[in-house]
>>> print(open('data.cif').read())   # mmCIF, C-alpha atoms
data_protein
#
loop_
_atom_site.label_atom_id
_atom_site.label_comp_id
_atom_site.auth_asym_id
_atom_site.auth_seq_id
_atom_site.Cartn_x
_atom_site.Cartn_y
_atom_site.Cartn_z
CA MET K 51 0.00 0.00 0.00
CA ARG K 52 2.86 2.42 0.73
CA ILE K 53 4.42 1.80 -2.68
CA ARG K 54 1.11 2.58 -4.35
CA SER K 55 0.77 5.80 -2.34
CA ALA K 56 4.35 6.79 -3.16
CA LEU K 57 3.68 6.23 -6.87
CA LYS K 58 0.52 8.35 -6.70
CA ARG K 59 2.43 11.10 -4.91
CA THR K 60 5.19 11.02 -7.54
CA TYR K 61 2.68 11.07 -10.39
CA VAL K 62 0.76 14.02 -8.90
CA ALA K 63 4.03 15.91 -8.30
CA ILE K 64 5.11 15.37 -11.93
CA MET K 65 1.68 16.41 -13.23
CA MET K 66 1.74 19.57 -11.11
CA ARG K 67 5.09 20.47 -12.65
CA ILE K 68 3.81 19.79 -16.16
CA VAL K 69 0.62 21.78 -15.57
CA GLY K 70 2.49 24.66 -13.92
CA ARG K 71 5.06 24.90 -16.67
CA GLY K 72 2.42 24.34 -19.33
CA LEU K 73 0.33 27.22 -17.98
CA ALA K 74 3.37 29.50 -17.98
CA ILE K 75 4.23 28.60 -21.58
CA ALA K 76 0.64 28.74 -22.84
CA SER K 77 0.16 32.17 -21.28
CA ARG K 78 2.99 33.45 -23.50
CA ILE K 79 1.97 31.80 -26.80
CA ASP K 80 -1.83 31.56 -26.67
CA GLY K 81 -3.77 34.78 -27.20
CA GLU K 82 -6.96 33.43 -25.65
CA MET K 83 -5.23 32.62 -22.38
CA THR K 84 -3.52 36.03 -22.37
CA ARG K 85 -6.93 37.70 -22.75
CA GLU K 86 -8.18 35.80 -19.70
CA LEU K 87 -5.16 36.76 -17.59
CA VAL K 88 -5.83 40.48 -18.15
CA HIS K 89 -8.47 40.22 -15.42
CA LEU K 90 -6.08 38.96 -12.71
CA PRO K 91 -4.30 41.46 -10.44
CA GLU K 92 -0.64 42.20 -11.20
CA ALA K 93 1.84 40.00 -9.28
CA MET K 94 -0.89 37.67 -8.00
CA THR K 95 0.55 34.43 -6.63
CA ILE K 96 -1.36 31.18 -7.18
CA SER K 97 -0.61 27.89 -5.47
CA MET K 98 -1.93 24.39 -6.03
CA ARG K 99 -1.28 22.10 -3.06
CA VAL K 100 -2.14 18.68 -1.72
CA TYR K 101 -2.79 18.57 2.01
CA PRO K 102 -1.18 17.48 4.23
CA ASN K 103 2.42 18.01 3.13
CA GLY K 104 1.81 16.88 -0.43
CA PRO K 105 3.13 18.14 -3.74
CA CYS K 106 2.64 21.82 -4.55
CA CYS K 107 3.10 24.21 -7.46
CA PHE K 108 3.39 28.01 -7.49
CA LEU K 109 2.62 30.46 -10.28
CA GLN K 110 2.67 34.24 -10.41
CA GLU K 111 0.90 36.60 -12.79
CA HIS K 112 3.14 39.29 -14.29
CA HIS K 113 2.12 41.52 -17.23
CA ASN K 114 -0.72 39.20 -18.32
CA ARG K 115 1.57 36.17 -18.27
CA LEU K 116 2.05 33.41 -15.73
CA ASN K 117 5.53 32.71 -14.38
CA TYR K 118 6.28 29.28 -12.98
CA LEU K 119 7.81 29.73 -9.51
CA GLY K 120 8.46 26.06 -8.88
CA VAL K 121 7.39 23.50 -6.34
CA ARG K 122 8.89 24.95 -3.20
CA ASP K 123 6.45 26.07 -0.56
CA SER K 124 7.08 29.80 -0.62
CA GLY K 125 4.51 30.52 2.03
CA GLU K 126 1.50 32.73 1.48
CA ALA K 127 -0.23 32.90 -1.87
CA ASP K 128 -3.00 35.24 -2.98
CA MET K 129 -5.02 32.23 -4.12
CA ASP K 130 -4.61 28.69 -2.81
CA ILE K 131 -6.19 25.73 -4.55
CA ILE K 132 -5.98 22.94 -2.02
CA PHE K 133 -6.69 19.27 -2.64
CA LYS K 134 -7.91 17.76 0.62
CA HIS K 135 -6.19 14.43 0.00
CA LEU K 136 -3.70 12.89 -2.40
CA GLN K 137 -6.43 10.63 -3.79
CA HIS K 138 -8.46 13.69 -4.80
CA ALA K 139 -5.52 15.15 -6.74
CA TRP K 140 -4.95 11.72 -8.28
CA LEU K 141 -8.53 11.64 -9.59
CA LEU K 142 -8.15 15.08 -11.15
CA TYR K 143 -4.71 14.53 -12.69
CA THR K 144 -5.62 11.09 -14.10
CA PHE K 145 -8.61 12.81 -15.76
CA GLN K 146 -11.17 10.64 -14.01
CA GLU K 147 -12.84 13.79 -12.71
CA ASN K 148 -12.99 17.39 -13.92
CA THR K 149 -12.46 20.45 -11.74
CA PRO K 150 -16.14 21.50 -11.35
CA THR K 151 -17.04 17.97 -10.25
CA ALA K 152 -14.18 17.93 -7.74
CA PHE K 153 -15.39 21.26 -6.30
CA ALA K 154 -18.96 19.97 -6.16
CA ARG K 155 -17.85 16.85 -4.31
CA ASN K 156 -15.96 19.06 -1.85
CA ARG K 157 -12.54 17.63 -2.76
CA ILE K 158 -10.93 20.99 -3.46
CA VAL K 159 -10.81 23.99 -1.16
CA LEU K 160 -10.32 27.50 -2.50
CA ASP K 161 -8.66 30.15 -0.39
CA GLY K 162 -9.01 33.34 -2.42
CA GLU K 163 -11.37 35.26 -4.67
CA ILE K 164 -13.91 33.15 -6.53
CA ALA K 165 -13.71 35.42 -9.59
CA HIS K 166 -9.94 34.84 -9.80
CA ALA K 167 -10.45 31.09 -9.43
CA VAL K 168 -12.93 31.08 -12.31
CA ILE K 169 -10.38 32.87 -14.53
CA PHE K 170 -7.65 30.45 -13.48
CA ASN K 171 -9.96 27.50 -14.15
CA ARG K 172 -10.63 28.81 -17.67
CA CYS K 173 -6.87 28.98 -18.26
CA LEU K 174 -6.45 25.47 -16.89
CA ASN K 175 -9.25 24.19 -19.13
CA ARG K 176 -7.67 25.88 -22.14
CA LEU K 177 -4.34 24.20 -21.36
CA MET K 178 -5.99 20.77 -21.02
CA THR K 179 -7.84 21.34 -24.29
CA LEU K 180 -4.59 22.16 -26.05
CA ILE K 181 -2.23 19.50 -24.72
CA LEU K 182 -4.51 16.48 -24.35
CA PRO K 183 -6.08 14.35 -27.08
CA ARG K 184 -9.76 15.16 -27.51
CA LEU K 185 -11.03 11.91 -25.93
CA ILE K 186 -9.09 12.57 -22.73
CA ALA K 187 -9.65 16.35 -22.73
CA GLU K 188 -13.42 15.84 -22.88
CA ARG K 189 -13.16 14.06 -19.54
CA ALA K 190 -10.85 16.71 -18.07
CA VAL K 191 -12.95 19.77 -18.95
CA LYS K 192 -16.65 20.47 -18.51
CA ARG K 193 -17.17 21.67 -22.10
CA TYR K 194 -14.78 20.98 -24.92
CA PRO K 195 -14.47 24.21 -26.96
CA ALA K 196 -14.38 24.45 -30.73
CA ILE K 197 -10.75 24.72 -31.82
CA ALA K 198 -9.27 24.18 -35.24
CA LEU K 199 -7.13 21.06 -35.46
CA TRP K 200 -4.21 23.00 -36.95
CA ASP K 201 -4.25 25.53 -34.10
CA LYS K 202 -4.48 22.77 -31.49
CA LEU K 203 -1.56 20.85 -33.00
CA ARG K 204 0.59 23.96 -33.44
CA LEU K 205 0.06 25.13 -29.87
CA ALA K 206 0.34 21.63 -28.36
CA VAL K 207 3.66 20.94 -30.07
CA SER K 208 4.96 24.35 -29.04
CA ILE K 209 3.96 23.76 -25.40
CA TYR K 210 5.33 20.20 -25.26
CA LEU K 211 8.67 21.19 -26.78
CA ARG K 212 9.09 24.06 -24.31
CA ILE K 213 8.07 22.25 -21.10
CA PRO K 214 11.51 20.70 -20.45
CA LEU K 215 13.18 24.06 -21.15
CA GLU K 216 10.88 26.16 -18.95
CA ARG K 217 12.88 27.47 -16.07
CA THR K 218 11.70 28.39 -12.62
CA ARG K 219 11.51 32.14 -12.21
CA ALA K 220 12.00 34.19 -9.07
CA ALA K 221 8.95 35.75 -7.45
CA ILE K 222 8.41 39.43 -8.12
#
>>> encode(input="data.cif", output="structure tokens")
Amino acid sequence: MRIRSALKRTYVAIMMRIVGRGLAIASRIDGEMTRELVHLPEAMTISMRVYPNGPCCFLQEHHNRLNYLGVRDSGEADMDIIFKHLQHAWLLYTFQENTPTAFARNRIVLDGEIAHAVIFNRCLNRLMTLILPRLIAERAVKRYPAIALWDKLRLAVSIYLRIPLERTRAAI
């Protein structure tokens, strides 16, 4: 049982890094995501965490872009998205459950402004739509948007090629 839990923890930690870096990259290359980020306050810090003492990921908005701050727990964030248990994060990151369902089932706690969380969720949905195959993305998002195949492929390839090169940035 401990090996299984350790594997889940490792998988969730890797997915948080991929999602964090993917959001940072997509915010620079995708105009739709940039238009969403206009509504977030400058230098807003966002964290995604698994309680207790689980994996975490930090992002910061800067000039309508997201910067990936890494996985270190840098303390206070303007908006915390907290998974109550590792199993809940596992369900979300294995695309067995989408974010609205997880909120409805009380598996995620939000500490911050609801309006900012809605904007962040739209960005997260856009990222999932871009980087996942349609069959999986339809499970990960509530509504799959209309997107041209060429645009999806172009943006997905660009994001995937840049994820390993995305560096952690210092907080502003």
>>> closest_residue(input="data.cif", among="K:Arg204, K:Arg176, K:Arg67, K:Arg212", to="Met98 in chain K", atoms="only C-alpha atoms")
K:Arg67
>>> resolve_selection(input="data.cif", expression="the PyMOL selection byres ((chain K and resi 191-201) around 12)", output="PyMOL selection string")
chain K and resi 79-82+142-143+145-152+171-190+202-208
>>> closest_residue(input="data.cif", among="K:His166, K:His112, K:Arg54, K:Arg217", to="Ile68 in chain K", atoms="only C-alpha atoms")
K:Arg217
>>> closest_residue(input="data.cif", among="K:Thr95, K:Leu116, K:Gly162, K:Ala139", to="Thr60 in chain K", atoms="all atoms listed in the file")
K:Ala139
>>> atom_distance(input="data.cif", atom1="CA of Leu141 in chain K", atom2="CA of Arg85 in chain K")
29.2 Å
>>> atom_distance(input="data.cif", atom1="CA of Arg71 in chain K", atom2="CA of Leu136 in chain K")
20.6 Å
>>> resolve_selection(input="data.cif", expression="the PyMOL selection byres ((chain K and resi 89) around 9)", output="list in words")
Arg85, Glu86, Leu87, Val88, Leu90, Pro91, Asn114, His166 and Ile169 of chain K
>>> closest_residue(input="data.cif", among="K:Arg219, K:Arg122, K:Arg99, K:Lys58", to="Ile158 in chain K", atoms="all atoms listed in the file")
K:Arg99
>>> atom_distance(input="data.cif", atom1="CA of Ile213 in chain K", atom2="CA of Ser77 in chain K")
12.7 Å
>>> closest_residue(input="data.cif", among="K:Phe133, K:Ala63, K:His138, K:Ala127", to="Val159 in chain K", atoms="only C-alpha atoms")
K:Phe133
